[in-house]
$ cat coords-v6.tsv   # TSV, C-alpha atoms
chain	number	residue	atom	x	y	z
A	297	MET	CA	91.42	98.58	65.88
A	298	GLU	CA	87.73	98.01	66.52
A	299	LEU	CA	86.33	99.44	69.74
A	300	GLU	CA	85.22	96.01	70.89
A	301	GLU	CA	88.72	94.62	70.42
A	302	ARG	CA	90.26	97.57	72.27
A	303	ASN	CA	87.86	97.05	75.17
A	304	ARG	CA	88.73	93.38	75.28
A	305	LEU	CA	92.49	94.04	75.34
A	306	PHE	CA	91.99	96.72	77.98
A	307	GLN	CA	90.08	94.33	80.23
A	308	GLU	CA	92.69	91.63	79.64
A	309	LYS	CA	95.44	94.01	80.70
A	310	ILE	CA	93.56	94.89	83.88
A	311	ASP	CA	92.77	91.26	84.66
A	312	SER	CA	96.45	90.39	84.34
A	313	GLY	CA	97.22	92.96	87.06
A	314	GLN	CA	98.95	95.57	84.89
A	315	LYS	CA	98.49	99.26	85.64
A	316	ILE	CA	96.94	101.64	83.12
A	317	GLU	CA	98.96	104.80	82.47
A	318	ALA	CA	97.82	108.28	81.49
A	319	LYS	CA	98.64	108.28	77.78
A	320	GLU	CA	97.20	104.84	77.08
A	321	TRP	CA	93.89	104.15	75.43
A	322	MET	CA	91.06	103.64	77.93
A	323	PRO	CA	87.28	103.31	77.62
A	324	ALA	CA	85.55	106.70	77.85
A	325	ASN	CA	83.65	105.58	80.91
A	326	TYR	CA	86.80	104.39	82.70
A	327	ARG	CA	88.17	107.90	82.24
A	328	LYS	CA	84.89	109.44	83.38
A	329	GLN	CA	84.51	107.26	86.48
A	330	LEU	CA	88.10	107.88	87.53
A	331	THR	CA	87.86	111.62	86.96
A	332	ARG	CA	84.73	111.65	89.13
A	333	MET	CA	86.29	109.55	91.88
A	334	ILE	CA	89.70	111.23	92.01
A	335	SER	CA	88.31	114.77	91.90
A	336	GLN	CA	85.81	113.96	94.69
A	337	HIS	CA	88.67	112.48	96.65
A	338	ALA	CA	90.79	115.62	96.10
A	339	HIS	CA	87.91	117.87	97.16
A	340	SER	CA	87.49	115.77	100.31
A	341	GLU	CA	91.11	116.38	101.29
A	342	ILE	CA	90.73	120.13	100.80
A	343	VAL	CA	87.32	120.47	102.50
A	344	GLY	CA	88.63	118.15	105.22
A	345	MET	CA	91.09	120.88	106.22
A	346	LEU	CA	88.21	123.06	107.43
A	347	PRO	CA	86.81	121.17	110.44
A	348	GLU	CA	90.34	120.59	111.76
A	349	GLY	CA	91.63	124.04	110.89
A	350	ASN	CA	88.87	125.23	113.21
A	351	TRP	CA	90.95	124.03	116.20
A	352	ILE	CA	94.51	125.09	115.26
A	353	SER	CA	94.33	128.34	117.23
A	354	ARG	CA	92.75	126.56	120.22
A	355	ALA	CA	94.89	123.41	120.48
A	356	PRO	CA	95.58	122.70	124.17
A	357	SER	CA	99.40	122.73	123.95
A	358	LEU	CA	102.18	123.81	121.63
A	359	ARG	CA	102.89	120.15	120.80
A	360	ARG	CA	99.27	119.51	119.84
A	361	LYS	CA	99.22	122.72	117.83
A	362	ALA	CA	102.36	121.87	115.85
A	363	VAL	CA	100.98	118.38	115.16
A	364	LEU	CA	97.58	119.65	114.03
A	365	LEU	CA	99.19	122.26	111.81
A	366	ALA	CA	101.37	119.59	110.19
A	367	LYS	CA	98.35	117.34	109.70
A	368	VAL	CA	96.23	120.03	108.05
A	369	GLN	CA	99.23	120.89	105.85
A	370	ASP	CA	99.43	117.22	104.84
A	371	GLU	CA	95.78	117.28	103.81
A	372	ALA	CA	96.52	120.20	101.46
A	373	GLY	CA	99.37	118.14	100.01
A	374	HIS	CA	97.06	115.15	99.57
A	375	GLY	CA	94.60	117.37	97.75
A	376	LEU	CA	97.34	118.39	95.35
A	377	TYR	CA	98.55	114.82	94.71
A	378	LEU	CA	94.99	113.89	93.85
A	379	TYR	CA	94.25	116.93	91.66
A	380	SER	CA	97.49	116.08	89.81
A	381	ALA	CA	96.40	112.46	89.36
A	382	ALA	CA	93.04	113.64	88.00
A	383	GLU	CA	94.78	116.07	85.64
A	384	THR	CA	96.49	113.15	83.90
A	385	LEU	CA	93.00	112.20	82.69
A	386	GLY	CA	92.60	115.48	80.80
A	387	ILE	CA	90.75	117.77	83.23
A	388	ASP	CA	92.62	120.73	84.72
A	389	ARG	CA	92.86	121.61	88.38
A	390	GLN	CA	91.12	124.97	88.31
A	391	THR	CA	88.14	123.46	86.47
A	392	MET	CA	87.78	120.91	89.28
A	393	ILE	CA	88.17	123.59	91.95
A	394	ASN	CA	85.54	125.71	90.20
A	395	GLN	CA	83.16	122.73	90.17
A	396	LEU	CA	83.59	122.46	93.93
A	397	LEU	CA	83.07	126.17	94.50
A	398	GLU	CA	79.96	126.17	92.31
A	399	GLY	CA	78.51	123.35	94.40
A	400	LYS	CA	78.53	120.96	91.41
A	401	ALA	CA	81.08	118.53	92.85
A	402	LYS	CA	80.73	116.08	95.71
A	403	TYR	CA	83.15	115.46	98.54
A	404	SER	CA	83.10	113.04	101.46
A	405	SER	CA	79.92	113.32	103.53
A	406	ILE	CA	81.94	113.16	106.76
A	407	PHE	CA	83.27	116.71	106.49
A	408	ASN	CA	79.81	118.17	106.81
A	409	TYR	CA	79.80	117.46	110.54
A	410	PRO	CA	81.01	120.11	113.01
A	411	THR	CA	84.04	119.88	115.34
A	412	LEU	CA	82.46	120.99	118.61
A	413	SER	CA	85.18	120.06	121.10
A	414	TRP	CA	88.91	119.31	121.15
A	415	ALA	CA	88.07	115.61	121.39
A	416	ASP	CA	86.56	115.88	117.89
A	417	ILE	CA	90.09	116.43	116.57
A	418	GLY	CA	91.05	113.14	118.22
A	419	ALA	CA	87.97	111.43	116.80
A	420	ILE	CA	88.71	112.66	113.27
A	421	GLY	CA	92.29	111.41	113.29
A	422	TRP	CA	91.34	108.11	114.86
A	423	LEU	CA	88.07	107.33	113.07
A	424	VAL	CA	87.89	109.41	109.91
A	425	ASP	CA	91.55	108.95	108.97
A	426	GLY	CA	91.35	105.35	110.19
A	427	ALA	CA	88.47	104.68	107.78
A	428	ALA	CA	90.27	106.61	105.04
A	429	ILE	CA	93.43	104.51	105.46
A	430	VAL	CA	91.53	101.24	105.08
A	431	ASN	CA	89.81	102.58	101.98
A	432	GLN	CA	92.95	104.12	100.50
A	433	THR	CA	95.07	101.01	101.06
A	434	MET	CA	92.49	99.22	98.92
A	435	LEU	CA	92.53	102.00	96.29
A	436	ALA	CA	96.35	101.85	96.15
A	437	ARG	CA	95.94	98.41	94.54
A	438	GLY	CA	93.69	99.89	91.85
A	439	SER	CA	94.35	99.72	88.12
A	440	TYR	CA	95.08	103.37	87.31
A	441	GLY	CA	98.79	104.07	87.83
A	442	PRO	CA	98.73	107.77	88.77
A	443	TYR	CA	95.84	107.29	91.26
A	444	SER	CA	97.41	104.19	92.75
A	445	ARG	CA	100.78	105.93	93.22
A	446	ALA	CA	99.10	108.95	94.85
A	447	MET	CA	97.35	106.55	97.24
A	448	VAL	CA	100.62	104.89	98.24
A	449	ARG	CA	102.14	108.25	99.12
A	450	ILE	CA	99.03	109.38	100.98
A	451	CYS	CA	98.73	106.17	103.00
A	452	LYS	CA	102.31	106.56	104.23
A	453	GLU	CA	101.47	110.02	105.53
A	454	GLU	CA	98.06	109.11	106.94
A	455	SER	CA	99.37	106.71	109.52
A	456	PHE	CA	100.74	109.63	111.52
A	457	HIS	CA	97.29	111.25	111.34
A	458	ASN	CA	95.64	108.12	112.63
A	459	ARG	CA	98.05	107.71	115.55
A	460	GLN	CA	97.95	111.32	116.67
A	461	GLY	CA	94.13	111.13	116.72
A	462	TYR	CA	94.14	107.98	118.81
A	463	GLU	CA	96.71	109.49	121.14
A	464	ILE	CA	94.38	112.44	121.78
A	465	MET	CA	91.38	110.16	122.40
A	466	TYR	CA	93.30	107.74	124.58
A	467	GLY	CA	94.77	110.59	126.62
A	468	LEU	CA	91.35	112.13	127.21
A	469	ALA	CA	89.74	108.78	127.97
A	470	LYS	CA	92.36	108.08	130.64
A	471	GLY	CA	92.17	111.64	131.98
A	472	THR	CA	89.65	113.32	134.27
A	473	LYS	CA	85.97	112.38	134.31
A	474	GLY	CA	85.19	115.49	132.26
A	475	GLN	CA	87.83	114.58	129.67
A	476	LEU	CA	86.51	111.03	129.41
A	477	GLU	CA	83.01	112.39	128.85
A	478	MET	CA	84.31	114.70	126.16
A	479	ALA	CA	86.03	111.80	124.39
A	480	GLN	CA	82.93	109.61	124.66
A	481	ASP	CA	80.73	112.40	123.32
A	482	ALA	CA	83.04	112.82	120.31
A	483	LEU	CA	82.98	109.08	119.65
A	484	ASN	CA	79.17	109.08	119.93
A	485	ARG	CA	78.90	111.76	117.27
A	486	TRP	CA	81.66	110.55	114.87
A	487	TRP	CA	81.17	106.77	114.97
A	488	TRP	CA	78.21	106.39	112.63
A	489	PRO	CA	79.27	109.07	110.13
A	490	SER	CA	82.67	107.27	109.93
A	491	ILE	CA	80.90	103.98	109.23
A	492	GLN	CA	78.77	105.68	106.57
A	493	MET	CA	81.65	107.49	104.88
A	494	LEU	CA	82.87	104.22	103.38
A	495	GLY	CA	79.90	104.38	101.04
A	496	PRO	CA	76.57	102.69	100.45
A	497	SER	CA	76.10	98.98	100.98
A	498	ASP	CA	77.21	96.88	97.98
A	499	ALA	CA	73.61	96.06	97.07
A	500	ASP	CA	72.72	99.77	96.80
A	501	SER	CA	75.88	101.22	95.34
A	502	VAL	CA	75.23	102.72	91.91
A	503	ASN	CA	78.87	102.85	90.86
A	504	SER	CA	80.32	99.67	92.30
A	505	SER	CA	80.06	96.91	89.69
A	506	GLU	CA	81.76	98.76	86.83
A	507	THR	CA	84.47	100.22	89.06
A	508	MET	CA	85.18	96.73	90.38
A	509	ARG	CA	85.29	95.12	86.93
A	510	TRP	CA	87.88	97.73	85.94
A	511	GLN	CA	89.61	97.33	89.28
A	512	ILE	CA	89.36	101.01	90.08
A	513	LYS	CA	88.16	99.57	93.37
A	514	VAL	CA	89.42	96.11	94.21
A	515	GLU	CA	87.12	95.48	97.17
A	516	SER	CA	83.52	96.37	97.90
A	517	ASN	CA	82.39	99.10	100.32
A	518	ASP	CA	81.08	96.50	102.76
A	519	ALA	CA	84.35	94.54	102.79
A	520	VAL	CA	86.34	97.72	103.48
A	521	ARG	CA	83.85	98.79	106.15
A	522	GLN	CA	84.13	95.43	107.93
A	523	ARG	CA	87.93	95.72	108.04
A	524	PHE	CA	87.65	99.20	109.55
A	525	ILE	CA	85.17	97.97	112.18
A	526	ASP	CA	87.31	94.96	113.13
A	527	ARG	CA	90.39	97.15	113.51
A	528	THR	CA	88.76	99.96	115.43
A	529	ILE	CA	86.58	98.30	118.05
A	530	PRO	CA	89.51	96.75	119.98
A	531	GLN	CA	91.13	100.22	119.96
A	532	ALA	CA	87.99	101.69	121.56
A	533	ILE	CA	87.98	98.93	124.16
A	534	ALA	CA	91.66	99.56	124.96
A	535	ALA	CA	90.86	103.21	125.60
A	536	GLY	CA	87.84	102.35	127.74
A	537	LEU	CA	85.41	104.00	125.33
A	538	THR	CA	82.01	102.62	124.38
A	539	ILE	CA	80.95	102.22	120.75
A	540	PRO	CA	77.49	103.83	120.49
A	541	ASP	CA	75.76	100.75	119.10
A	542	PRO	CA	73.51	98.62	121.36
A	543	ASP	CA	73.44	95.83	118.73
A	544	LEU	CA	77.21	95.51	118.48
A	545	LYS	CA	78.45	91.95	119.02
A	546	PHE	CA	81.45	89.80	118.31
A	547	ASN	CA	80.73	86.74	116.20
A	548	GLU	CA	82.95	83.95	117.53
A	549	SER	CA	82.50	81.73	114.49
A	550	THR	CA	83.41	84.34	111.87
A	551	GLY	CA	85.87	86.25	114.03
A	552	HIS	CA	84.21	89.53	112.98
A	553	TRP	CA	82.40	92.29	114.84
A	554	GLU	CA	78.79	92.77	113.76
A	555	ILE	CA	77.23	96.22	113.97
A	556	GLY	CA	73.62	97.36	114.13
A	557	GLU	CA	71.71	98.86	111.22
A	558	ILE	CA	73.30	101.83	109.47
A	559	ASN	CA	71.11	104.91	109.08
A	560	TRP	CA	71.41	105.37	105.32
A	561	THR	CA	68.71	108.05	105.27
A	562	GLU	CA	71.08	110.30	107.22
A	563	PHE	CA	73.92	109.50	104.82
A	564	TYR	CA	71.88	110.41	101.72
A	565	GLN	CA	70.54	113.56	103.39
A	566	VAL	CA	74.11	114.75	104.05
A	567	ILE	CA	75.22	113.82	100.51
A	568	LYS	CA	72.32	115.82	99.10
A	569	GLY	CA	73.47	118.90	101.00
A	570	HIS	CA	71.38	118.70	104.17
A	571	GLY	CA	74.15	117.91	106.67
A	572	PRO	CA	74.88	120.26	109.57
A	573	CYS	CA	77.73	122.11	107.79
A	574	ASN	CA	77.35	121.66	103.99
A	575	ARG	CA	76.63	125.31	103.32
A	576	LYS	CA	79.30	126.55	105.70
A	577	ARG	CA	82.00	124.38	104.12
A	578	ILE	CA	81.37	125.67	100.60
A	579	ASN	CA	81.09	129.26	101.78
A	580	ASP	CA	84.40	128.91	103.62
A	581	ARG	CA	86.06	127.45	100.50
A	582	ARG	CA	84.74	130.33	98.40
A	583	LYS	CA	86.00	132.84	100.94
A	584	ALA	CA	89.44	131.17	100.94
A	585	GLU	CA	89.52	131.26	97.12
A	586	GLU	CA	88.62	134.95	97.09
A	587	GLU	CA	91.00	135.91	99.87
A	588	GLY	CA	93.84	133.97	98.25
A	589	ALA	CA	93.35	135.63	94.85
A	590	TRP	CA	95.91	138.38	95.54
A	591	VAL	CA	98.57	135.79	96.34
A	592	ARG	CA	98.02	134.01	93.04
A	593	ASP	CA	97.96	137.34	91.17
A	594	ALA	CA	101.18	138.44	92.88
A	595	ALA	CA	102.91	135.16	91.96
A	596	VAL	CA	101.96	135.59	88.30
A	597	ALA	CA	103.03	139.27	88.30
A	598	TYR	CA	106.36	138.36	89.91
A	599	ALA	CA	107.01	135.64	87.35
A	600	GLU	CA	106.21	138.05	84.50
A	601	LYS	CA	108.44	140.77	85.93
A	602	LYS	CA	111.34	138.40	86.32
A	603	LEU	CA	110.90	137.09	82.78
A	604	LYS	CA	110.94	140.68	81.48
A	605	LEU	CA	114.14	141.43	83.40
A	606	THR	CA	115.87	138.35	82.03
A	607	THR	CA	114.85	139.17	78.46
A	608	GLN	CA	116.08	142.76	78.84
A	609	GLN	CA	119.41	141.60	80.17
A	610	ALA	CA	119.75	139.16	77.31
A	611	ALA	CA	119.03	141.90	74.72
B	124	MET	CA	81.58	135.05	93.01
B	125	ASN	CA	84.19	135.13	90.27
B	126	ASN	CA	85.89	131.82	89.70
B	127	SER	CA	89.55	131.79	88.81
B	128	ASN	CA	90.34	131.17	85.18
B	129	PRO	CA	92.11	127.85	84.47
B	130	ALA	CA	94.53	129.84	82.29
B	131	ASP	CA	95.80	131.64	85.42
B	132	GLN	CA	96.87	128.59	87.40
B	133	GLY	CA	100.32	128.60	85.77
B	134	PRO	CA	101.87	125.85	83.67
B	135	LEU	CA	102.15	122.27	84.87
B	136	TRP	CA	105.55	121.05	86.11
B	137	GLU	CA	106.70	117.47	86.63
B	138	VAL	CA	108.64	116.90	89.83
B	139	PHE	CA	111.57	114.49	90.09
B	140	ILE	CA	113.18	113.77	93.44
B	141	GLN	CA	116.53	112.27	94.32
B	142	ALA	CA	116.00	110.56	97.66
B	143	LYS	CA	119.69	110.53	98.55
B	144	SER	CA	122.93	111.36	96.81
B	145	GLY	CA	124.19	108.87	94.28
B	146	ILE	CA	120.83	107.49	93.15
B	147	PRO	CA	118.72	108.61	90.17
B	148	HIS	CA	115.97	111.22	90.36
B	149	LYS	CA	112.56	109.62	90.31
B	150	HIS	CA	109.20	111.05	89.22
B	151	ALA	CA	107.20	112.10	92.30
B	152	GLY	CA	104.23	113.99	90.84
B	153	SER	CA	103.33	117.33	89.37
B	154	LEU	CA	102.13	120.80	90.31
B	155	HIS	CA	101.18	124.19	88.86
B	156	ALA	CA	103.43	127.23	89.31
B	157	PRO	CA	103.95	130.51	87.46
B	158	ASP	CA	107.72	130.01	87.06
B	159	ALA	CA	110.57	127.60	87.68
B	160	GLU	CA	111.68	129.11	90.98
B	161	MET	CA	108.20	128.90	92.49
B	162	ALA	CA	107.77	125.41	91.04
B	163	LEU	CA	110.92	124.35	92.87
B	164	THR	CA	109.90	125.80	96.25
B	165	SER	CA	106.37	124.41	95.93
B	166	ALA	CA	107.80	121.01	95.03
B	167	ARG	CA	109.89	121.15	98.19
B	168	ASP	CA	106.84	122.05	100.30
B	169	VAL	CA	104.54	119.49	98.74
B	170	TYR	CA	106.75	116.49	98.02
B	171	THR	CA	109.52	116.59	100.64
B	172	ARG	CA	107.86	117.38	103.97
B	173	ARG	CA	109.57	114.42	105.65
B	174	GLY	CA	113.12	114.54	104.41
B	175	GLU	CA	112.32	112.55	101.25
B	176	GLY	CA	114.67	114.58	99.10
B	177	ASN	CA	118.31	115.41	98.56
B	178	SER	CA	117.72	117.21	95.26
B	179	ILE	CA	114.69	118.17	93.16
B	180	TRP	CA	114.25	118.69	89.43
B	181	VAL	CA	111.20	120.45	88.01
B	182	VAL	CA	110.51	120.17	84.29
B	183	PRO	CA	107.69	121.87	82.35
B	184	SER	CA	105.34	118.98	81.52
B	185	HIS	CA	104.94	120.04	77.89
B	186	LEU	CA	108.68	119.62	77.30
B	187	ILE	CA	108.63	115.93	78.14
B	188	VAL	CA	108.71	113.76	75.03
B	189	ALA	CA	107.26	110.32	75.58
B	190	SER	CA	106.87	107.16	73.55
B	191	THR	CA	103.29	106.02	73.13
B	192	GLU	CA	101.61	102.78	74.07
B	193	GLN	CA	100.11	102.50	70.57
B	194	ASP	CA	103.58	102.34	69.01
B	195	ALA	CA	105.13	100.32	71.80
B	196	GLU	CA	105.20	97.06	69.86
B	197	SER	CA	107.11	98.34	66.84
B	198	PHE	CA	109.10	100.82	68.91
B	199	PHE	CA	110.63	98.18	71.15
B	200	ASP	CA	110.65	95.45	68.51
B	201	PRO	CA	114.35	95.78	67.54
B	202	ALA	CA	115.40	94.41	70.95
B	203	ASP	CA	112.87	91.60	71.08
B	204	ASP	CA	114.78	88.92	69.11
B	205	LYS	CA	118.22	89.51	70.59
B	206	VAL	CA	118.35	87.03	73.42
B	207	TYR	CA	122.14	86.86	72.99
B	208	ARG	CA	122.29	90.22	74.77
B	209	HIS	CA	121.57	88.40	78.04
B	210	PRO	CA	124.20	86.39	79.91
B	211	THR	CA	121.79	83.48	80.34
B	212	PHE	CA	122.03	82.86	76.54
B	213	TYR	CA	125.50	81.40	76.92
B	214	GLU	CA	126.47	77.96	78.09
B	215	VAL	CA	129.06	77.72	80.81
B	216	PRO	CA	130.90	74.40	81.10
B	217	ASP	CA	130.57	72.61	84.44
B	218	GLY	CA	133.16	73.63	86.95
B	219	VAL	CA	134.09	76.89	85.23
B	220	LYS	CA	133.72	79.81	87.67
B	221	TYR	CA	133.59	83.61	87.64
B	222	LEU	CA	131.74	83.94	84.33
$ encode --input "coords-v6.tsv" --output "structure tokens"
Amino acid sequence: MELEERNRLFQEKIDSGQKIEAKEWMPANYRKQLTRMISQHAHSEIVGMLPEGNWISRAPSLRRKAVLLAKVQDEAGHGLYLYSAAETLGIDRQTMINQLLEGKAKYSSIFNYPTLSWADIGAIGWLVDGAAIVNQTMLARGSYGPYSRAMVRICKEESFHNRQGYEIMYGLAKGTKGQLEMAQDALNRWWWPSIQMLGPSDADSVNSSETMRWQIKVESNDAVRQRFIDRTIPQAIAAGLTIPDPDLKFNESTGHWEIGEINWTEFYQVIKGHGPCNRKRINDRRKAEEEGAWVRDAAVAYAEKKLKLTTQQAA
Amino acid sequence: MNNSNPADQGPLWEVFIQAKSGIPHKHAGSLHAPDAEMALTSARDVYTRRGEGNSIWVVPSHLIVASTEQDAESFFDPADDKVYRHPTFYEVPDGVKYL
């Protein structure tokens, strides 16, 4: 079959709402775009464990500690689902991990911000996971079967993350004056990075048009961002917290909240590696990889030893 | 630093989970593990953290034999023209029940 004809049939299949599966023919660039997106997404889950892991030993109660531990564990699981989905495209997991460790791979800009207080753990669950859920619910409708299925599973698990974060923020906001200030400070610092993490405005996004034609993404960054804003602002109001945006207003005629200008310079600076924690995150990942090496070696040695024993017994 | 070699991550395993007894195992995802036993415990940790499973199968990915999309048309062709395999092919006289 001619390449042009294959491309046409592929697009037809996508337009008719069918999913693409791993072994099927796909345009080289579809494979490339997906590999890029899914591996970045996987890296984000893994790097995302770091700012939260920072507070496991200092969680204010045993309940909070058990919850945070379970959440960080979930993020590791999400990383694995996504690495597995990317592997169906022909890349292997360790190659992706090595790209991250060598600083060649991107991950979500949001994880380059520090978690300075306990309220930051609330802000991450509420805002960062809240933004991620809106984005991932959209991605779950995407055309690539393995990615879409991973998204469905992840979204189910994320809703606990979102709620536990809001519970922390709400509790602090309704607590003492000092606790309220801590919650407000966390919101002040996490609000704009959470708005930015949903990606550049449609007009400036370099990857958007092709990924939308192939329905890797079924909605634009701005549409997803607006949904997140509309969902989140009433939650802030309910908690008595103030969104740090003097231009914020509700548009009665559209029924949508309108936010002030987004500082894209900051976003691109962080993406390029100049955020507050970029270097620390990669160094911590490298340290974890090195310190975990003996566990991986021991697992391989154990498997080899057992295999030898079984073969001896059989002989 | 020394990166780990992709050859050391262990083979890939496909994970199938039975959500409750009596229903079929369903594909849940995949993972790397050095042997079957570790694949099974990792599958439990990764894919059944919320009571999703009653039983797990792990199968080395390379042992799965699959039909291909390219051959799908001819492969499934023998069943395509046999509408009489469906109950809707048959006419049931008015008033006749339990057919």
$ closest_residue --input "coords-v6.tsv" --among "B:Phe199, B:Trp180, B:Phe139, B:Tyr170" --to "chain A" --atoms "all atoms listed in the file"
B:Tyr170
$ interface_residues --input "coords-v6.tsv" --of "chain B" --to "chain A" --cutoff "8 Å" --atoms "only C-alpha atoms" --output "list of chain:residue names"
B:Met124, B:Asn126, B:Ser127, B:Asn128, B:Pro129, B:Asp131, B:Gln132, B:Gly133, B:Gly152, B:Ser153, B:Leu154, B:Pro157, B:Asp158, B:Val169, B:Tyr170, B:Thr191, B:Glu192, B:Gln193
$ atom_distance --input "coords-v6.tsv" --atom1 "CA of Arg509 in chain A" --atom2 "CA of Pro489 in chain A"
27.7 Å
$ closest_residue --input "coords-v6.tsv" --among "B:Ala166, B:Ile146, B:Ala151, B:Val182" --to "Pro134 in chain B" --atoms "only C-alpha atoms"
B:Val182
$ residues_near_point --input "coords-v6.tsv" --point "(97.2, 101.5, 84.3)" --cutoff "9 Å" --atoms "only C-alpha atoms" --output "number ranges by chain"
A: 309-310, 313-318, 320, 438-442, 444
$ residues_around --input "coords-v6.tsv" --residues "Glu477 in chain A" --least-positions-apart "2" --cutoff "12 Å" --atoms "only C-alpha atoms" --output "list of chain:residue names"
A:Ser413, A:Trp414, A:Ala415, A:Met465, A:Leu468, A:Ala469, A:Lys470, A:Gly471, A:Thr472, A:Lys473, A:Gly474, A:Gln475, A:Ala479, A:Gln480, A:Asp481, A:Ala482, A:Leu483, A:Asn484, A:Gly536, A:Leu537, A:Thr538
$ atom_distance --input "coords-v6.tsv" --atom1 "CA of Val138 in chain B" --atom2 "CA of Leu163 in chain B"
8.4 Å
$ atom_distance --input "coords-v6.tsv" --atom1 "CA of Leu494 in chain A" --atom2 "CA of Phe407 in chain A"
12.9 Å
$ residues_around --input "coords-v6.tsv" --residues "Gly174 in chain B" --least-positions-apart "4" --cutoff "10 Å" --atoms "all atoms listed in the file" --output "list in words"
Ala142, Lys143, Arg167 and Tyr170 of chain B
$ write_last_selection --input "coords-v6.tsv" --atoms "C-alpha atoms" --output "tab-separated table (two decimals), in the coordinates of the input"
chain	number	residue	atom	x	y	z
B	142	ALA	CA	116.00	110.56	97.66
B	143	LYS	CA	119.69	110.53	98.55
B	167	ARG	CA	109.89	121.15	98.19
B	170	TYR	CA	106.75	116.49	98.02
$ residues_around --input "coords-v6.tsv" --residues "Lys576 in chain A" --least-positions-apart "2" --cutoff "12 Å" --atoms "only C-alpha atoms" --output "mmCIF file with C-alpha atoms, keeping the file's coordinate frame"
data_model
loop_
_atom_site.group_PDB
_atom_site.id
_atom_site.type_symbol
_atom_site.label_atom_id
_atom_site.label_comp_id
_atom_site.auth_asym_id
_atom_site.auth_seq_id
_atom_site.Cartn_x
_atom_site.Cartn_y
_atom_site.Cartn_z
ATOM 1 C CA VAL A 343 87.320 120.470 102.500
ATOM 2 C CA LEU A 346 88.210 123.060 107.430
ATOM 3 C CA PRO A 347 86.810 121.170 110.440
ATOM 4 C CA LEU A 397 83.070 126.170 94.500
ATOM 5 C CA GLY A 399 78.510 123.350 94.400
ATOM 6 C CA PHE A 407 83.270 116.710 106.490
ATOM 7 C CA ASN A 408 79.810 118.170 106.810
ATOM 8 C CA TYR A 409 79.800 117.460 110.540
ATOM 9 C CA PRO A 410 81.010 120.110 113.010
ATOM 10 C CA GLY A 569 73.470 118.900 101.000
ATOM 11 C CA HIS A 570 71.380 118.700 104.170
ATOM 12 C CA GLY A 571 74.150 117.910 106.670
ATOM 13 C CA PRO A 572 74.880 120.260 109.570
ATOM 14 C CA CYS A 573 77.730 122.110 107.790
ATOM 15 C CA ASN A 574 77.350 121.660 103.990
ATOM 16 C CA ILE A 578 81.370 125.670 100.600
ATOM 17 C CA ASN A 579 81.090 129.260 101.780
ATOM 18 C CA ASP A 580 84.400 128.910 103.620
ATOM 19 C CA ARG A 581 86.060 127.450 100.500
ATOM 20 C CA ARG A 582 84.740 130.330 98.400
ATOM 21 C CA LYS A 583 86.000 132.840 100.940
#
